[in-house]
Amino acid sequence: MKHEITVKQGTNIVAFSGEIDLESSPAAREILLKCFEITNNVIVDLSGVTYIDSSGVASLVEALQAAKKNGSRFALAATSEPTRRVLELARLDKVFTLYDSVNDGINA
Amino acid sequence: MNSIPPGGDRRNPNRFDRRKSAQVSGHLELLSKMSGHLAVTINIEETIQKALDLIVQFVKAEGGALFMLTDRGNRLVCKASAGPVDIRGISVRAGEGIVGQCVASGTNRMVRDVMQDPDFDHSVDDSTGFRTRSILCAPMTVQNERIGAIELVNKDDENGLFSEPDLLMLQTLASAAALAIHNAHMAEELVEQERVTRELELATEMQRSLLPEPRGPGFPVCGVNLPAYEMSGDFYDFFELADGRIYFGLGDVSGKGMDAALLMSKTASLFRCLGKTILEPDILLATINRELCETAIHGMFVTMVCGLLDPATGEVRVANAGHEPLQIHRRDGSFNEIAASSPPLGIIPLETGDNGIRMEACLLDCGTLYIFTDGVTEGALENGSRLNVEGFKAMIRERAGLPAAARIEAVVSVLRGTGRKRHDDITLLAVDDSTRCLCRDNSPGEENLIARHTFPAHPEELHGVREVVARACETCSCGQALSTDLIIAVGEACQNVVRHAYKGRETGEATLEIYCKDGILEFHLLDSAPPVDQDKVKPKWPEELTPGGLGVCLIHDIMDEVEYLPAPAVRGNLLRMVKRITRDAANET
């Protein structure tokens with residue numbers, strides 16, 4: 001798993017790529033929680049994620065809970081087919097705010 | 001005569017009107033008081049006593065008695081009594097005495113001096129010491145049916161004489177009392193009816209509890225019983241013996257209704273009790289027969305089948321006493337019958353063997369044995385015709401691919417769904433050997449293995465496992481969507497091994513085997529960790545949002561079958577996951 005953080009129009013965009021699985025999900029969790037220390041507006045770009053497992057989903061859920069707790073915005077954007085499928089199977093596609101693209105998220 | 005002429009007293013109309021008006025209002029007050037009193041009680045005795053007390057009080061009599069017709073209208077019994085002497089319980093023959101004549105003729109009587117009346121019966125006065133001087137008596141009638149009479153004795157004033165208005169008043173009050181008594185009767189009947197209904201409900205519940213609980217898929221015996229009325233004259237039962245064999249039985253008691261239901265309960269209890277120790281079906285039937293004959297109820301008998309299934313071999317030993325032929329549906333689609341060798345139970349003592357209850361032994365050989373009552377074959381179809389044995393066989397043949405429980409449920413739902421009134425209980429039992437053969441025939445062998453991958457139980461190994469799954473999916477032409485799903489499911493299963501089975505210790509290995517046979521992908525994931533707690537690996541939506549719990553849910557959502565098999569080694573777990581490749585999935589690119 002790789003990641004890149006950019007700031008665009010006041011929104012922190014965390015772009016993950018590769019696989020978020022048991023091996024990499026602790027790192028993903030760390031990155032997302034750290035983000036909320038410096039900003040209250042995070043969008044995760046999932047377009048480059050080729051695989052996510054339940055531990056990766058758990059990292060996203062934890063970030064969402066942290067955001068809700070301190071009133072921050074946390075949204076997912078540009079979900080790749082494998083991520084969309086897992087979120088759907090986990091019945092979490094209605095729990096997260098999902099945008100078709102990062103730009104949609106920024107302009108929302 | 002102290003009567004009031006119709007039209008009132010012409011000499012002083014005002015005086016009379018006032019009197020009449022006072023009387024009417026008193027009359028109305030009493031009626032309303034009586035109705036009020038009677039409305040709060042539905043107890044007959046209380047109703048009668050209250051009515052009489054109020055009447056005696058209002059008409060100002062020394063005493064009174066309320067008589068009811070009993071003994072099919074042959075006797076009048078005193079049910080309530082007011083005044084100095086309690087005469088409750090005394091009875092006179094209908095038609096005798098003043099009260100008897102009053103009821104018989106349906107007319108009121110006013111006797112000013114009982115000494116002058118030949119109908120007066122002195123016996124009560126003689127035995128009680130009371131002196132009756134005058135009597136007022138009015139019959140009670142409801143819907144043209146005489147139910148009794150109210151008798152008042154001795155007007156409680158200076159001359160002790162009743163007047164015509166008193167009689168009129170009594171007549172009115174007697175009608176009201178009759179109605180109240182009638183209502184109380186109806187209420188009592190209603191209560192009784194409700195009691196009987198409740199009893200019947202309890203009995204139905206009790207009887208249902210005699211039937212065995214369904215054991216779910218994989219268990220070779222299942223049955224269904226659909227009573228035509230509240231109570232069933234049919235039963236079926238099955239239970240396992242310590243040696244792994246399964247006893248099964250089905251019976252049909254002649255006749256319907258409560259007596260048949262009770263005999264059914266008795267026979268079912270005998271089967272379950274004696275079956276635990278008598279391990280030969282023919283001897284069991286002969287023993288049950290002896291018991292039933294000892295306490296035979298005239299004209300009632302039981303047709304019954306019982307048998308033993310060895311689930312390991314598919315061997316069945318079965319005996320049939322007077323019941324419809326059993327049907328064995330063979331794997332090749334043909335049917336064999338096992339006909340009764342003896343008359344039904346409960347008629348004459350029967351020996352075992354060729355001249356009595358004979359036991360048949362046969363191998364089901366992946367077929368299914370069906371036992372049913374005539375309610376099934378004589379059951380009416382939508383078009384009014386009967387299902388018959390041939391119709392039954394055709395239905396079973398068409399559903400051979402379904403589990404046994406679904407097959408018999410289909411037969412029953414056809415008979416239930418017609419909306420016609422059923423007159424016979426429907427009972428059907430299936431002894432199924434096909435699941436044993438399904439496992440044997442369908443489990444993949446070494447020749448179906450398309451991948452075997454052994455890996456250390458570390459998070460960084462999971463990527464490699466997923467690549468193995470992806471390649472296997474490509475080999476089997478799964479299609480992209482299914483491939484994605486299977487990678488998710490198998491990935492989660494492997495993740496659980498890494499996370500839970502070895503509990504973070506870095507010593508373990510796991511092996512994934514992937515088989516492909518007849519469009520079915522089967523994944524075997526073997527580890528050598530301590531056995532997992534089966535309860536913890538059941539999906540629990542939606543409260544389980546921990547990654548592990550979520551993983552189990554994903555596996556169950558995606559796979560068609562998920563089960564833990566006995567591991568080949570002493571330690572370890574073998575998780576079997578099965579997915580059918582549908583044509584839609586395969587065609588998708």
# chains A, B, ... in the order shown; residues from 1 in each chain; ligands from 1
call {"tool": "interface_residues", "arguments": {"of": "chain B", "to": "chain A", "cutoff": "10 Å", "atoms": "only C-alpha atoms", "output": "NGL selection string"}}
result
:B and (458-463 or 466 or 481 or 484-485 or 487-489 or 491-492 or 495-496 or 498-499 or 541-542 or 545-555 or 557-558)
call {"tool": "select_by_dssp", "arguments": {"residues": "segment 12-88 of chain A", "states": "helix (DSSP H, G or I)", "output": "PyMOL selection string"}}
result
chain A and resi 25-38+54-69+81-88
call {"tool": "residues_around", "arguments": {"residues": "Leu136 of chain B", "least_positions_apart": "3", "cutoff": "8 Å", "atoms": "only C-alpha atoms", "output": "ChimeraX atom specification"}}
result
/B:108-111,151-153,162,167,170
call {"tool": "write_last_selection", "arguments": {"atoms": "C-alpha atoms", "output": "PDB file, in the first residue's frame"}}
result
ATOM      1  CA  ASN B 108    -100.968 -16.336  36.687  1.00  0.00           C
ATOM      2  CA  ARG B 109    -102.696 -17.476  39.826  1.00  0.00           C
ATOM      3  CA  MET B 110    -103.973 -15.436  42.734  1.00  0.00           C
ATOM      4  CA  VAL B 111    -105.294 -17.506  45.621  1.00  0.00           C
ATOM      5  CA  GLU B 151     -94.581 -17.677  44.012  1.00  0.00           C
ATOM      6  CA  LEU B 152     -95.258 -15.079  46.713  1.00  0.00           C
ATOM      7  CA  VAL B 153     -97.029 -15.919  49.979  1.00  0.00           C
ATOM      8  CA  PHE B 162    -102.784  -9.683  47.511  1.00  0.00           C
ATOM      9  CA  LEU B 167    -100.349  -9.773  40.430  1.00  0.00           C
ATOM     10  CA  LEU B 170     -95.400  -9.869  39.797  1.00  0.00           C
TER      11      LEU B 170
END
call {"tool": "atom_distance", "arguments": {"atom1": "atom CA of Asn154 of chain B", "atom2": "atom CA of Asp121 of chain B"}}
result
15.3 Å
call {"tool": "residues_around", "arguments": {"residues": "Asp93 of chain A", "least_positions_apart": "5", "cutoff": "10 Å", "atoms": "only C-alpha atoms", "output": "mmCIF file with C-alpha atoms, in the first residue's frame"}}
result
data_model
loop_
_atom_site.group_PDB
_atom_site.id
_atom_site.type_symbol
_atom_site.label_atom_id
_atom_site.label_comp_id
_atom_site.auth_asym_id
_atom_site.auth_seq_id
_atom_site.Cartn_x
_atom_site.Cartn_y
_atom_site.Cartn_z
ATOM 1 C CA LEU A 76 -14.712 8.457 0.580
ATOM 2 C CA THR A 83 -13.562 -1.449 -2.553
ATOM 3 C CA ARG A 84 -17.118 -0.674 -3.625
ATOM 4 C CA ARG A 85 -17.921 -4.393 -3.535
ATOM 5 C CA VAL A 86 -16.563 -4.912 -0.016
ATOM 6 C CA LEU A 87 -18.362 -1.847 1.345
ATOM 7 C CA GLU A 88 -21.560 -3.106 -0.262
ATOM 8 C CA LEU A 98 -19.363 8.429 -0.960
#
call {"tool": "residues_around", "arguments": {"residues": "Ile297 of chain B", "least_positions_apart": "4", "cutoff": "10 Å", "atoms": "only C-alpha atoms", "output": "PyMOL selection string"}}
result
chain B and resi 259+263+292-293+301+346-347
call {"tool": "write_last_selection", "arguments": {"atoms": "N, CA and C atoms", "output": "PDB file, in the first residue's frame"}}
result
ATOM      1  N   ASP B 259     -61.357 -39.286  20.917  1.00  0.00           N
ATOM      2  CA  ASP B 259     -60.986 -40.655  21.302  1.00  0.00           C
ATOM      3  C   ASP B 259     -59.814 -41.151  20.462  1.00  0.00           C
ATOM      4  N   LEU B 263     -55.993 -42.182  21.799  1.00  0.00           N
ATOM      5  CA  LEU B 263     -55.351 -43.460  21.482  1.00  0.00           C
ATOM      6  C   LEU B 263     -54.048 -43.214  20.721  1.00  0.00           C
ATOM      7  N   LEU B 292     -52.012 -52.490  23.506  1.00  0.00           N
ATOM      8  CA  LEU B 292     -53.241 -51.878  22.994  1.00  0.00           C
ATOM      9  C   LEU B 292     -54.416 -52.839  23.133  1.00  0.00           C
ATOM     10  N   CYS B 293     -54.156 -54.140  22.890  1.00  0.00           N
ATOM     11  CA  CYS B 293     -55.235 -55.131  22.985  1.00  0.00           C
ATOM     12  C   CYS B 293     -55.746 -55.239  24.417  1.00  0.00           C
ATOM     13  N   PHE B 301     -58.657 -49.212  16.265  1.00  0.00           N
ATOM     14  CA  PHE B 301     -57.392 -49.881  15.997  1.00  0.00           C
ATOM     15  C   PHE B 301     -56.397 -48.886  15.424  1.00  0.00           C
ATOM     16  N   GLY B 346     -54.110 -53.563  17.955  1.00  0.00           N
ATOM     17  CA  GLY B 346     -55.215 -53.270  18.866  1.00  0.00           C
ATOM     18  C   GLY B 346     -56.432 -54.137  18.648  1.00  0.00           C
ATOM     19  N   ILE B 347     -56.312 -55.156  17.775  1.00  0.00           N
ATOM     20  CA  ILE B 347     -57.479 -56.007  17.502  1.00  0.00           C
ATOM     21  C   ILE B 347     -57.274 -57.394  18.109  1.00  0.00           C
TER      22      ILE B 347
END
call {"tool": "residues_around", "arguments": {"residues": "segment 66-77 of chain B", "least_positions_apart": "3", "cutoff": "7 Å", "atoms": "only C-alpha atoms", "output": "PyMOL selection string"}}
result
chain B and resi 52+80-81+89-94+147-151
call {"tool": "residues_around", "arguments": {"residues": "Lys8 of chain A", "least_positions_apart": "6", "cutoff": "10 Å", "atoms": "only C-alpha atoms", "output": "PyMOL selection string"}}
result
chain A and resi 102-103+106
call {"tool": "select_by_dssp", "arguments": {"residues": "segment 21-67 of chain A", "states": "strand (DSSP E)", "output": "PyMOL selection string"}}
result
chain A and resi 41-52
call {"tool": "write_last_selection", "arguments": {"atoms": "C-alpha atoms", "output": "CSV table (one decimal), in the first residue's frame"}}
result
chain,number,residue,atom,x,y,z
A,41,ASN,CA,-11.8,17.9,6.5
A,42,VAL,CA,-10.6,14.7,4.9
A,43,ILE,CA,-11.5,12.9,1.7
A,44,VAL,CA,-10.0,9.5,1.0
A,45,ASP,CA,-9.3,8.8,-2.7
A,46,LEU,CA,-9.8,5.1,-3.2
A,47,SER,CA,-9.4,5.0,-7.0
A,48,GLY,CA,-6.0,3.3,-6.8
A,49,VAL,CA,-7.0,0.6,-4.2
A,50,THR,CA,-7.0,-2.8,-5.8
A,51,TYR,CA,-8.0,-4.7,-2.7
A,52,ILE,CA,-9.3,-4.0,0.7
call {"tool": "atom_distance", "arguments": {"atom1": "atom CA of Asp234 of chain B", "atom2": "atom CA of Asn289 of chain B"}}
result
16.4 Å
call {"tool": "atom_distance", "arguments": {"atom1": "atom CA of Gly255 of chain B", "atom2": "atom CA of Ile396 of chain B"}}
result
28.2 Å
